[in-house]
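coords10.txt, holding compact mmCIF, C-alpha atoms:
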# COMPACT_ATOMS: atom_id res chain seq x y z
CA MET U 72 -32.76 -44.56 -1.83
CA SER U 73 -35.02 -41.61 -1.15
CA ASN U 74 -32.62 -39.05 -2.57
CA GLU U 75 -32.19 -40.57 -6.01
CA LEU U 76 -32.06 -37.86 -8.64
CA THR U 77 -33.03 -37.73 -12.26
CA VAL U 78 -31.34 -35.55 -14.89
CA ASN U 79 -34.21 -33.08 -14.57
CA ASP U 80 -33.55 -32.44 -10.88
CA HIS U 81 -31.43 -29.65 -9.49
CA ILE U 82 -28.07 -31.17 -8.63
CA PRO U 83 -26.73 -30.05 -5.26
CA ILE U 84 -23.34 -28.39 -5.69
CA ALA U 85 -21.42 -30.82 -3.47
CA LEU U 86 -22.69 -33.76 -5.52
CA ARG U 87 -21.95 -31.94 -8.73
CA THR U 88 -18.38 -31.32 -7.59
CA GLU U 89 -17.95 -34.97 -6.67
CA ALA U 90 -19.31 -36.02 -10.07
CA LEU U 91 -16.88 -33.83 -12.01
CA GLU U 92 -13.91 -35.00 -9.96
CA GLN U 93 -14.86 -38.64 -10.46
CA ILE U 94 -15.08 -38.17 -14.23
CA LEU U 95 -11.79 -36.30 -14.53
CA VAL U 96 -9.91 -38.71 -12.27
CA GLU U 97 -11.36 -41.77 -14.02
CA ARG U 98 -10.19 -40.44 -17.38
CA GLY U 99 -6.72 -39.77 -16.04
CA LEU U 100 -7.06 -36.02 -16.58
CA VAL U 101 -6.68 -34.99 -12.97
CA ASP U 102 -4.54 -36.39 -10.17
CA PRO U 103 -6.31 -36.05 -6.80
CA ALA U 104 -2.90 -35.69 -5.13
CA VAL U 105 -2.24 -32.57 -7.22
CA MET U 106 -5.60 -31.20 -6.11
CA ASP U 107 -4.73 -31.99 -2.48
CA GLY U 108 -1.47 -30.07 -2.95
CA PHE U 109 -3.25 -26.93 -4.18
CA ILE U 110 -5.70 -27.12 -1.30
CA LYS U 111 -3.00 -27.64 1.33
CA THR U 112 -1.02 -24.69 -0.04
CA TYR U 113 -3.89 -22.28 0.52
CA GLU U 114 -5.15 -23.89 3.73
CA GLN U 115 -1.80 -24.05 5.48
CA ASP U 116 1.03 -22.24 3.74
CA VAL U 117 -0.18 -19.11 1.95
CA GLY U 118 -2.32 -16.80 4.03
CA PRO U 119 -2.49 -13.42 5.76
CA LEU U 120 0.55 -14.22 7.90
CA ASN U 121 2.66 -13.43 4.82
CA GLY U 122 1.16 -9.98 4.51
CA ALA U 123 1.52 -9.42 8.25
CA LYS U 124 5.26 -10.08 7.99
CA VAL U 125 5.51 -7.49 5.21
CA VAL U 126 3.63 -4.92 7.29
CA ALA U 127 5.63 -5.52 10.48
CA LYS U 128 8.88 -5.20 8.55
CA ALA U 129 7.72 -1.98 6.89
CA TRP U 130 6.76 -0.56 10.30
CA THR U 131 10.17 -1.25 11.80
CA ASP U 132 12.51 -0.77 8.83
CA PRO U 133 12.15 2.61 7.05
CA ASP U 134 14.36 1.53 4.16
CA TYR U 135 12.19 -1.52 3.57
CA LYS U 136 9.05 0.60 3.75
CA ALA U 137 10.46 2.94 1.10
CA ARG U 138 11.27 -0.01 -1.16
CA LEU U 139 7.82 -1.50 -0.55
CA LEU U 140 6.01 1.67 -1.57
CA ASP U 141 8.33 2.17 -4.53
CA ASN U 142 8.09 -1.36 -5.95
CA GLY U 143 5.79 -3.67 -4.03
CA THR U 144 6.45 -6.72 -6.19
CA VAL U 145 10.20 -6.64 -5.63
CA ALA U 146 9.95 -5.78 -1.92
CA VAL U 147 7.54 -8.59 -1.04
CA GLY U 148 9.70 -10.87 -3.18
CA GLU U 149 12.60 -10.12 -0.81
CA LEU U 150 10.62 -12.02 1.83
CA GLY U 151 9.93 -14.85 -0.61
CA PHE U 152 6.34 -13.93 -1.38
CA LYS U 153 5.38 -14.40 -5.01
CA GLY U 154 3.24 -16.68 -7.14
CA PRO U 155 -0.21 -16.79 -8.71
CA GLN U 156 -2.20 -13.55 -8.37
CA GLY U 157 0.96 -11.69 -7.35
CA GLU U 158 2.43 -10.70 -10.70
CA HIS U 159 2.47 -6.99 -9.88
CA ILE U 160 1.86 -5.72 -6.34
CA VAL U 161 1.12 -2.07 -5.62
CA VAL U 162 1.23 -1.11 -1.93
CA VAL U 163 -0.89 1.83 -0.75
CA GLU U 164 -0.22 3.37 2.64
CA ASN U 165 -2.84 4.34 5.19
CA THR U 166 -1.98 7.54 7.06
CA ASP U 167 -3.76 9.93 9.40
CA ASP U 168 -5.09 11.69 6.29
CA VAL U 169 -5.78 8.87 3.83
CA HIS U 170 -7.61 5.57 4.21
CA ASN U 171 -7.29 3.01 1.40
CA VAL U 172 -9.65 0.12 0.75
CA VAL U 173 -9.42 -2.56 -1.95
CA VAL U 174 -12.13 -4.35 -3.93
CA CYS U 175 -12.62 -6.23 -7.18
CA THR U 176 -16.07 -5.37 -8.47
CA LEU U 177 -15.84 -7.71 -11.48
CA CYS U 178 -14.82 -10.93 -9.70
CA SER U 179 -12.75 -11.14 -6.53
CA CYS U 180 -9.14 -10.44 -7.52
CA TYR U 181 -6.98 -10.53 -4.41
CA PRO U 182 -3.22 -10.63 -3.67
CA TRP U 183 -2.98 -14.37 -2.99
CA PRO U 184 0.76 -14.54 -2.18
CA LEU U 185 0.27 -12.03 0.65
CA LEU U 186 -3.22 -12.79 1.92
CA GLY U 187 -4.18 -16.24 0.65
CA LEU U 188 -7.69 -16.77 -0.68
CA PRO U 189 -10.26 -14.00 -0.20
CA PRO U 190 -12.69 -14.13 2.75
CA SER U 191 -16.42 -14.40 2.10
CA TRP U 192 -17.17 -10.72 2.76
CA TYR U 193 -14.74 -9.73 -0.01
CA LYS U 194 -16.69 -11.90 -2.47
CA ASP U 195 -20.08 -10.74 -1.26
CA PRO U 196 -22.17 -8.86 -3.86
CA ALA U 197 -23.02 -6.19 -1.27
CA TYR U 198 -19.32 -5.39 -0.74
CA ARG U 199 -18.42 -5.62 -4.43
CA SER U 200 -21.27 -3.41 -5.60
CA ARG U 201 -21.34 -0.77 -2.89
CA VAL U 202 -17.81 -0.09 -1.67
CA VAL U 203 -17.10 1.75 -4.95
CA LYS U 204 -20.20 3.90 -4.52
CA GLU U 205 -20.55 4.57 -0.79
CA PRO U 206 -17.34 3.36 0.89
CA ARG U 207 -17.79 5.33 4.11
CA THR U 208 -21.22 3.78 4.68
CA VAL U 209 -20.04 0.29 3.77
CA LEU U 210 -16.99 0.49 6.04
CA ALA U 211 -19.21 1.63 8.91
CA GLU U 212 -21.51 -1.35 8.32
CA MET U 213 -18.45 -3.57 8.56
CA GLY U 214 -17.38 -2.02 11.83
CA LEU U 215 -14.92 0.68 10.75
CA ASP U 216 -15.79 4.34 11.22
CA VAL U 217 -13.44 6.43 9.10
CA PRO U 218 -13.10 9.94 10.57
CA GLN U 219 -14.80 12.64 8.48
CA GLY U 220 -11.52 14.45 7.88
CA THR U 221 -9.84 11.35 6.45
CA GLN U 222 -9.81 11.03 2.68
CA ILE U 223 -10.97 7.66 1.34
CA LYS U 224 -9.33 6.05 -1.66
CA VAL U 225 -10.98 2.95 -3.13
CA TRP U 226 -8.94 0.64 -5.38
CA ASP U 227 -10.98 -1.53 -7.77
CA SER U 228 -8.68 -4.29 -9.11
CA SER U 229 -9.57 -4.78 -12.75
CA SER U 230 -6.21 -5.76 -14.30
CA GLU U 231 -3.51 -8.13 -13.01
CA VAL U 232 -2.25 -5.40 -10.65
CA ARG U 233 -2.95 -6.39 -7.05
CA PHE U 234 -3.34 -3.69 -4.42
CA PHE U 235 -2.24 -4.21 -0.83
CA VAL U 236 -2.91 -1.83 2.06
CA LEU U 237 -0.12 -0.94 4.47
CA PRO U 238 -2.17 -0.20 7.61
CA ARG U 239 -1.31 2.50 10.16
CA ARG U 240 0.87 1.33 13.00
CA PRO U 241 -1.22 1.72 16.15
CA ALA U 242 -0.15 4.11 18.91
CA GLY U 243 1.35 2.35 21.90
CA THR U 244 3.37 -0.15 19.87
CA GLU U 245 6.51 1.99 19.56
CA GLY U 246 8.58 -0.34 21.73
CA MET U 247 7.47 -3.55 20.06
CA SER U 248 9.76 -5.64 17.85
CA GLU U 249 9.00 -6.66 14.29
CA GLU U 250 8.37 -10.20 15.50
CA ASP U 251 5.90 -9.06 18.17
CA LEU U 252 4.04 -6.81 15.73
CA VAL U 253 3.31 -9.58 13.23
CA PRO U 254 0.40 -11.18 15.14
CA LEU U 255 -1.34 -7.81 15.53
CA VAL U 256 -1.75 -7.34 11.78
CA THR U 257 -5.04 -8.72 10.52
CA ARG U 258 -6.19 -9.72 7.07
CA ASP U 259 -9.03 -7.21 7.21
CA ALA U 260 -6.61 -4.35 7.93
CA MET U 261 -4.52 -5.28 4.89
CA VAL U 262 -7.58 -4.94 2.63
CA GLY U 263 -8.64 -1.73 4.35
CA VAL U 264 -11.86 -2.66 6.15
CA ALA U 265 -10.31 -2.55 9.64
CA GLU U 266 -7.53 -0.83 11.59
CA VAL U 267 -4.76 -2.62 13.44
CA ILE U 268 -5.43 -2.47 17.18
CA ALA U 269 -2.70 -2.22 19.83
CA PRO U 270 -2.66 -5.12 22.34
CA MET V 254 -26.63 -25.76 -17.41
CA THR V 255 -27.74 -22.47 -18.87
CA THR V 256 -24.89 -20.56 -20.39
CA ILE V 257 -24.72 -17.86 -22.99
CA ASN V 258 -21.82 -16.71 -25.10
CA ARG V 259 -21.62 -13.13 -24.00
CA ALA V 260 -21.25 -12.03 -20.43
CA SER V 261 -24.61 -12.01 -18.66
CA GLY V 262 -23.74 -8.79 -16.92
CA ILE V 263 -24.32 -10.18 -13.45
CA ALA V 264 -20.59 -10.08 -12.63
CA ASP V 265 -20.30 -6.35 -13.36
CA MET V 266 -21.54 -5.36 -9.92
CA GLY V 267 -19.76 -2.08 -9.26
CA GLY V 268 -22.19 0.68 -8.31
CA VAL V 269 -25.25 -1.56 -8.67
CA ASP V 270 -27.95 -1.12 -6.02
CA GLY V 271 -30.01 -3.83 -4.41
CA TRP V 272 -27.45 -6.16 -2.84
CA GLY V 273 -28.11 -5.20 0.77
CA THR V 274 -25.86 -4.63 3.75
CA ALA V 275 -22.17 -5.49 3.73
CA PRO V 276 -21.39 -8.45 6.01
CA ARG V 277 -19.32 -8.08 9.18
CA PRO V 278 -15.95 -9.77 8.72
CA ASP V 279 -15.27 -12.92 10.73
CA PRO V 280 -11.52 -12.90 11.49
CA GLN V 281 -11.59 -16.64 12.24
CA GLU V 282 -13.17 -17.64 8.92
CA PRO V 283 -11.29 -20.56 7.33
CA PRO V 284 -10.25 -20.40 3.62
CA PHE V 285 -12.90 -22.99 2.77
CA LYS V 286 -16.18 -23.46 4.64
CA GLU V 287 -17.17 -26.79 3.10
CA ASP V 288 -15.18 -29.69 1.68
CA TRP V 289 -16.67 -29.45 -1.81
CA GLU V 290 -15.35 -25.88 -2.07
CA LYS V 291 -11.79 -27.20 -1.81
CA ARG V 292 -12.31 -29.69 -4.61
CA ALA V 293 -14.09 -27.12 -6.81
CA PHE V 294 -11.25 -24.63 -6.23
CA ALA V 295 -8.56 -27.14 -7.21
CA MET V 296 -10.44 -28.39 -10.27
CA ALA V 297 -11.08 -24.84 -11.45
CA LEU V 298 -7.34 -24.12 -11.31
CA LEU V 299 -6.65 -27.30 -13.29
CA SER V 300 -9.46 -26.69 -15.78
CA MET V 301 -7.50 -23.96 -17.57
CA ARG V 302 -4.62 -26.26 -18.45
CA LEU V 303 -6.94 -29.19 -19.20
CA SER V 304 -8.98 -27.13 -21.63
CA GLY V 305 -5.96 -25.40 -23.19
CA THR V 306 -7.28 -21.97 -22.26
CA ASN V 307 -6.21 -19.15 -19.94
CA LEU V 308 -7.21 -17.10 -16.91
CA ASP V 309 -9.13 -14.54 -18.97
CA ALA V 310 -11.11 -17.32 -20.62
CA PHE V 311 -11.86 -18.70 -17.16
CA ARG V 312 -13.12 -15.32 -15.96
CA HIS V 313 -15.30 -15.07 -19.05
CA ALA V 314 -16.56 -18.62 -18.48
CA VAL V 315 -17.71 -17.48 -15.02
CA ASN V 316 -19.17 -14.20 -16.30
CA ARG V 317 -21.21 -16.11 -18.89
CA LEU V 318 -23.21 -17.85 -16.17
CA ASP V 319 -26.77 -16.83 -15.66
CA ARG V 320 -27.75 -15.21 -12.41
CA ALA V 321 -28.70 -18.42 -10.58
CA HIS V 322 -25.48 -20.24 -11.44
CA TYR V 323 -23.44 -17.15 -10.61
CA ILE V 324 -25.05 -16.44 -7.24
CA ASP V 325 -26.79 -19.44 -5.68
CA ASP V 326 -23.79 -21.63 -4.84
CA GLY V 327 -21.45 -18.79 -3.99
CA TYR V 328 -17.91 -18.12 -5.11
CA TYR V 329 -16.66 -21.68 -5.51
CA GLY V 330 -19.99 -22.66 -7.04
CA ARG V 331 -19.40 -20.22 -9.88
CA TRP V 332 -15.82 -21.46 -10.15
CA LEU V 333 -17.09 -25.01 -10.64
CA TYR V 334 -19.66 -23.96 -13.25
CA GLY V 335 -17.01 -21.82 -14.96
CA ALA V 336 -14.63 -24.79 -15.05
CA GLU V 337 -17.39 -26.92 -16.56
CA ASN V 338 -17.92 -24.27 -19.24
CA LEU V 339 -14.22 -24.39 -20.20
CA LEU V 340 -14.17 -28.20 -20.21
CA THR V 341 -17.27 -28.46 -22.41
CA ASP V 342 -16.08 -25.63 -24.71
CA SER V 343 -12.89 -27.60 -25.39
CA SER V 344 -14.80 -30.90 -25.64
CA ILE V 345 -12.95 -32.44 -22.70
CA ILE V 346 -16.35 -33.52 -21.41
CA ALA V 347 -19.61 -33.67 -23.34
CA PRO V 348 -22.58 -31.58 -22.22
CA GLY V 349 -24.71 -33.49 -19.75
CA THR V 350 -21.88 -35.70 -18.49
CA VAL V 351 -21.65 -34.18 -15.02
CA GLU V 352 -25.41 -34.21 -14.51
CA ALA V 353 -25.64 -37.85 -15.56
CA ARG V 354 -22.79 -38.86 -13.27
CA ALA V 355 -24.35 -37.00 -10.36
CA VAL V 356 -27.62 -38.85 -10.92
CA ASN V 357 -25.76 -42.16 -10.95
CA ILE V 358 -23.89 -41.34 -7.75
CA SER V 359 -27.21 -40.49 -6.11
CA GLY V 360 -28.52 -43.97 -6.88
CA GLY V 361 -30.57 -42.96 -9.89
CA GLN V 362 -29.93 -44.07 -13.45
CA ALA V 363 -28.77 -41.91 -16.29
CA GLU V 364 -26.81 -42.68 -19.42
CA GLU V 365 -23.51 -40.82 -19.56
CA PRO V 366 -22.40 -39.46 -22.93
CA PRO V 367 -19.11 -40.93 -24.19
CA ALA V 368 -15.91 -38.90 -23.86
CA PRO V 369 -15.74 -36.58 -26.89
CA GLU V 370 -12.74 -35.85 -29.09
CA PRO V 371 -11.01 -32.85 -27.43
CA HIS V 372 -11.14 -29.64 -29.37
CA LYS V 373 -8.87 -27.09 -27.69
CA PRO V 374 -8.46 -23.54 -28.95
CA ASP V 375 -5.62 -22.85 -31.36
CA TYR V 376 -3.74 -20.81 -28.83
CA ALA V 377 -0.44 -20.63 -26.97
CA PRO V 378 0.69 -17.79 -24.69
CA THR V 379 3.85 -15.92 -25.70
CA ALA V 380 5.03 -15.96 -22.08
CA ALA V 381 3.85 -16.95 -18.61
CA GLY V 382 1.42 -14.69 -16.77
CA SER V 383 -0.19 -11.54 -18.12
CA ILE V 384 2.56 -8.91 -17.99
CA ARG V 385 4.49 -8.34 -21.23
CA GLN V 386 7.41 -6.15 -22.31
CA ILE V 387 6.33 -3.95 -25.20
CA ASP V 388 8.23 -1.41 -27.31
CA THR V 389 5.32 0.95 -27.92
CA PRO V 390 5.50 4.05 -25.72
CA ALA V 391 2.62 4.63 -23.32
CA LYS V 392 -0.04 6.84 -24.91
CA PHE V 393 -1.04 8.53 -21.64
CA SER V 394 1.02 9.90 -18.78
CA VAL V 395 0.55 10.50 -15.05
CA GLY V 396 -1.69 13.52 -14.45
CA GLN V 397 -3.34 13.36 -17.88
CA ARG V 398 -7.13 13.59 -18.04
CA VAL V 399 -8.65 10.53 -19.71
CA ARG V 400 -12.16 9.32 -20.43
CA ALA V 401 -13.27 5.70 -20.07
CA LYS V 402 -14.89 4.81 -23.39
CA THR V 403 -18.45 3.65 -23.61
CA LEU V 404 -18.17 0.18 -25.08
CA GLN V 405 -20.86 -2.42 -25.43
CA ALA V 406 -18.57 -5.46 -25.28
CA LEU V 407 -19.68 -8.42 -27.38
CA GLY V 408 -17.58 -10.77 -25.30
CA HIS V 409 -15.25 -10.49 -22.34
CA THR V 410 -14.15 -7.15 -20.94
CA ARG V 411 -12.75 -5.66 -17.73
CA LEU V 412 -14.19 -2.21 -18.41
CA GLN V 413 -16.79 -1.76 -15.69
CA LYS V 414 -20.10 -0.14 -16.62
CA TYR V 415 -19.93 2.33 -13.73
CA THR V 416 -16.77 3.94 -15.14
CA GLN V 417 -17.87 4.19 -18.78
CA GLY V 418 -18.12 7.70 -20.19
CA HIS V 419 -16.49 9.23 -17.12
CA VAL V 420 -13.36 11.36 -16.94
CA GLY V 421 -10.52 10.71 -14.52
CA THR V 422 -6.81 11.34 -14.10
CA VAL V 423 -3.99 8.88 -14.73
CA ALA V 424 -2.49 8.10 -11.31
CA ILE V 425 -0.05 5.30 -12.17
CA VAL V 426 1.27 3.88 -15.43
CA GLU V 427 1.23 0.14 -14.74
CA PRO V 428 3.16 -2.56 -16.63
CA ALA V 429 1.87 -3.58 -20.05
CA GLN V 430 -0.46 -6.59 -19.93
CA VAL V 431 -2.36 -8.82 -22.31
CA LEU V 432 -5.80 -7.43 -23.17
CA PRO V 433 -8.47 -9.64 -21.55
CA ASP V 434 -11.05 -8.68 -24.21
CA THR V 435 -9.15 -10.51 -26.96
CA HIS V 436 -7.08 -12.90 -24.84
CA ALA V 437 -10.21 -14.51 -23.36
CA HIS V 438 -11.32 -15.39 -26.89
CA PHE V 439 -7.87 -16.54 -28.13
CA ILE V 440 -7.84 -13.83 -30.81
CA ALA V 441 -4.64 -12.07 -29.71
CA GLU V 442 -2.71 -11.09 -26.63
CA ASN V 443 -2.81 -7.44 -27.70
CA ALA V 444 -0.37 -6.53 -24.92
CA GLN V 445 -0.76 -2.85 -24.04
CA TRP V 446 -0.14 -0.33 -21.29
CA VAL V 447 -2.45 -0.31 -18.30
CA TYR V 448 -3.21 2.81 -16.29
CA THR V 449 -4.54 3.20 -12.78
CA VAL V 450 -7.02 6.02 -13.25
CA ALA V 451 -8.37 8.11 -10.37
CA PHE V 452 -12.00 9.22 -10.63
CA ASP V 453 -13.69 11.73 -8.35
CA SER V 454 -16.75 10.11 -6.77
CA HIS V 455 -19.00 12.97 -7.84
CA GLU V 456 -17.97 12.50 -11.47
CA LEU V 457 -19.11 8.87 -11.19
CA PHE V 458 -22.16 9.13 -8.94
CA GLY V 459 -23.33 12.73 -8.95
CA PRO V 460 -23.26 15.74 -6.63
CA ASP V 461 -24.86 13.97 -3.66
CA ALA V 462 -22.40 11.06 -3.60
CA GLU V 463 -19.99 10.49 -0.71
CA THR V 464 -16.69 12.26 -1.28
CA PHE V 465 -13.86 9.86 -2.15
CA THR V 466 -11.48 8.86 -4.94
CA LEU V 467 -12.07 5.73 -6.97
CA ASN V 468 -8.94 4.22 -8.52
CA THR V 469 -9.18 1.46 -11.06
CA ASP V 470 -7.07 -0.09 -13.81
CA MET V 471 -7.81 0.69 -17.43
CA TYR V 472 -6.25 -0.99 -20.45
CA GLU V 473 -5.09 1.54 -23.03
CA ASP V 474 -7.85 0.50 -25.47
CA TYR V 475 -10.45 1.47 -22.86
CA LEU V 476 -9.32 5.10 -22.71
CA GLU V 477 -9.37 8.27 -24.78
CA ASP V 478 -7.67 11.59 -24.14
CA ALA V 479 -9.82 14.13 -22.30
CA SER V 480 -7.24 16.80 -21.58
Go ahead and render the structure in this file as structure tokens.
Amino acid sequence: MSNELTVNDHIPIALRTEALEQILVERGLVDPAVMDGFIKTYEQDVGPLNGAKVVAKAWTDPDYKARLLDNGTVAVGELGFKGPQGEHIVVVENTDDVHNVVVCTLCSCYPWPLLGLPPSWYKDPAYRSRVVKEPRTVLAEMGLDVPQGTQIKVWDSSSEVRFFVLPRRPAGTEGMSEEDLVPLVTRDAMVGVAEVIAP
Amino acid sequence: MTTINRASGIADMGGVDGWGTAPRPDPQEPPFKEDWEKRAFAMALLSMRLSGTNLDAFRHAVNRLDRAHYIDDGYYGRWLYGAENLLTDSSIIAPGTVEARAVNISGGQAEEPPAPEPHKPDYAPTAAGSIRQIDTPAKFSVGQRVRAKTLQALGHTRLQKYTQGHVGTVAIVEPAQVLPDTHAHFIAENAQWVYTVAFDSHELFGPDAETFTLNTDMYEDYLEDAS
């Protein structure tokens, strides 16, 4: 084989991953079916649709919105959303005066039960390093121009608290039902790098 | 694999220049781009239990990577290398095992070290997760001026360099949590109050900085009164 390696070669990451799994499975330390279960959970079951349901409910139910802003963990739990990386949820509300944006400069902490696994831009060194130093510039690079009169609040997740942005409800959606609002709410809006757009 | 015992510093990216332009989000991006990422993700989650460690130890195992291992294979690459660090620390696998197996899979020949006798840390959590109920009253209150200490951590920490020495205002008193600095090293949980502290951007980055508020979480040990 032309691609035979020696121990002095750089091992490509896919091969390295395969090697570790083989070893752990062979020794009975890891069950591939358990791994498949984790993967399926975050590929199919836990993703931004959860967060979108929270947002649409908050937009249409003022009592729920008040509970959500008062105690995010309990309020998202009402909809069944809890689990790893969701021990304590703090919800911050975007308004005409304040725009919130979330980051984790030290790794990529993210509210998994509401948004699933973080997208690549959230894990990108450029985002992690710069959004805490020049958020207006970074947001513009990502396609969001925050009006000059709007105050920006950046939230750098460094403990087990997970921040979640309640985006502004777009004008023109006043007549829409909770159910119809859900598909409008994007992952990027719930981290604070985009606005929700009316259909 | 090159690892060192204290954090390399590469993970502490906040406020660091030189990383270029932020990428445009792709709304259609799947959770995993390549199949190996899925397997690395799942093994990293399992590595904590297998090695008898915890989430803070895993974060430290990632932060200990040198720059190439941290950056070159992306997020799930560093998760895989971090998992390998935990598994070798606890002698679940011997150093060199993964490399040797990879060579053998590729068709080459390498002798794999035998499975070592596991040596897990003498550690058990007092409860699930990181939040704890504590009796000590919170030292700081909402609205109080506080300064992030300047600390040259010898091991793991969540105190970012860009906040150190700067004064902010307590915005939220968060639930008490285990202290990553000691929990990552199995010394103690040291559960303590956590505060979301609001810093003015000019305090952090000078008079010419963009105007905004930076909020971040600070464990009580990271703070001193500045009122």
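Among the candidate residues V:Arg277, V:Arg411, V:His438, V:His419, the one lying nearest to V:Tyr472 is V:Arg411, with distances computed using only C-alpha atoms.
Going from atom CA of V:Ser304 to atom CA of U:Asp116 covers 27.7 Å.
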Between atom CA of V:Ala310 and atom CA of V:His436 - distance in Å to one decimal: 7.3 Å
Nearest candidate to U:Gly220 (options V:Phe465, V:Ser343, V:Thr449, V:His313; using only C-alpha atoms): V:Phe465
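Using only C-alpha atoms, the smallest distance between any of U:Asn165, U:Thr244, U:Thr144, U:Asn121 and V:Pro428 comes from U:Thr144.
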Long-range neighbours of U:Tyr193 as a list of chain:residue names, 7 Å cut-off, all atoms listed in the file, 4 positions minimum in chain: U:Ser179, U:Pro189, U:Tyr198
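Counting all atoms listed in the file and comparing U:Glu266, U:Glu231, U:Glu97, U:Asp132, the residue that lies closest to chain V is U:Glu231.
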Interface, chain V side, toward chain U (6 Å; only C-alpha atoms) as a list in words: Ala264, Asp265, Met266, Gly267, Gly268, Val269, Trp272, Gly273, Thr274, Ala275, Pro276, Arg277, Trp289, Ala295, Val351, Arg354, Ala355, Val356, Ser359, Gly360, Gly361, Arg411, Glu463, Phe465, Thr466, Leu467, Asn468, Thr469 and Asp470 of chain V
Go ahead and write the selection's residues with C-alpha atoms as a PDB file, in the coordinates of the input.
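Contents of selection_36.pdb, as written:
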ATOM      1  CA  ALA V 264     -20.590 -10.080 -12.630  1.00  0.00           C
ATOM      2  CA  ASP V 265     -20.300  -6.350 -13.360  1.00  0.00           C
ATOM      3  CA  MET V 266     -21.540  -5.360  -9.920  1.00  0.00           C
ATOM      4  CA  GLY V 267     -19.760  -2.080  -9.260  1.00  0.00           C
ATOM      5  CA  GLY V 268     -22.190   0.680  -8.310  1.00  0.00           C
ATOM      6  CA  VAL V 269     -25.250  -1.560  -8.670  1.00  0.00           C
ATOM      7  CA  TRP V 272     -27.450  -6.160  -2.840  1.00  0.00           C
ATOM      8  CA  GLY V 273     -28.110  -5.200   0.770  1.00  0.00           C
ATOM      9  CA  THR V 274     -25.860  -4.630   3.750  1.00  0.00           C
ATOM     10  CA  ALA V 275     -22.170  -5.490   3.730  1.00  0.00           C
ATOM     11  CA  PRO V 276     -21.390  -8.450   6.010  1.00  0.00           C
ATOM     12  CA  ARG V 277     -19.320  -8.080   9.180  1.00  0.00           C
ATOM     13  CA  TRP V 289     -16.670 -29.450  -1.810  1.00  0.00           C
ATOM     14  CA  ALA V 295      -8.560 -27.140  -7.210  1.00  0.00           C
ATOM     15  CA  VAL V 351     -21.650 -34.180 -15.020  1.00  0.00           C
ATOM     16  CA  ARG V 354     -22.790 -38.860 -13.270  1.00  0.00           C
ATOM     17  CA  ALA V 355     -24.350 -37.000 -10.360  1.00  0.00           C
ATOM     18  CA  VAL V 356     -27.620 -38.850 -10.920  1.00  0.00           C
ATOM     19  CA  SER V 359     -27.210 -40.490  -6.110  1.00  0.00           C
ATOM     20  CA  GLY V 360     -28.520 -43.970  -6.880  1.00  0.00           C
ATOM     21  CA  GLY V 361     -30.570 -42.960  -9.890  1.00  0.00           C
ATOM     22  CA  ARG V 411     -12.750  -5.660 -17.730  1.00  0.00           C
ATOM     23  CA  GLU V 463     -19.990  10.490  -0.710  1.00  0.00           C
ATOM     24  CA  PHE V 465     -13.860   9.860  -2.150  1.00  0.00           C
ATOM     25  CA  THR V 466     -11.480   8.860  -4.940  1.00  0.00           C
ATOM     26  CA  LEU V 467     -12.070   5.730  -6.970  1.00  0.00           C
ATOM     27  CA  ASN V 468      -8.940   4.220  -8.520  1.00  0.00           C
ATOM     28  CA  THR V 469      -9.180   1.460 -11.060  1.00  0.00           C
ATOM     29  CA  ASP V 470      -7.070  -0.090 -13.810  1.00  0.00           C
TER      30      ASP V 470
END
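Close contacts of V:Ser480, defined as residues with an atom at most 7 Å away when counting all atoms listed in the file, with chain neighbours fewer than 4 positions off set aside, comprise Gln397, Arg398 and Val399 of chain V.
Atom CA of U:Gly122 is found 13.9 Å from atom CA of U:Tyr135.
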Nearest candidate to U:Pro254 (options U:Val96, U:Leu120, U:Val163, U:Val217; using only C-alpha atoms): U:Leu120
Draw an axis-aligned box over all listed atoms of stretch 190-200 of chain U, pad each side with 3 Å, and write its centre and edge lengths in Å, one decimal, as JSON.
{"center_x": -17.9, "center_y": -8.9, "center_z": -1.4, "size_x": 16.3, "size_y": 17.0, "size_z": 14.4}
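Minimum atom-to-atom distances from V:Leu318, V:Pro278, V:Phe393, V:Tyr329 to V:Ala297 were compared using only C-alpha atoms, and the lowest value belongs to V:Tyr329.
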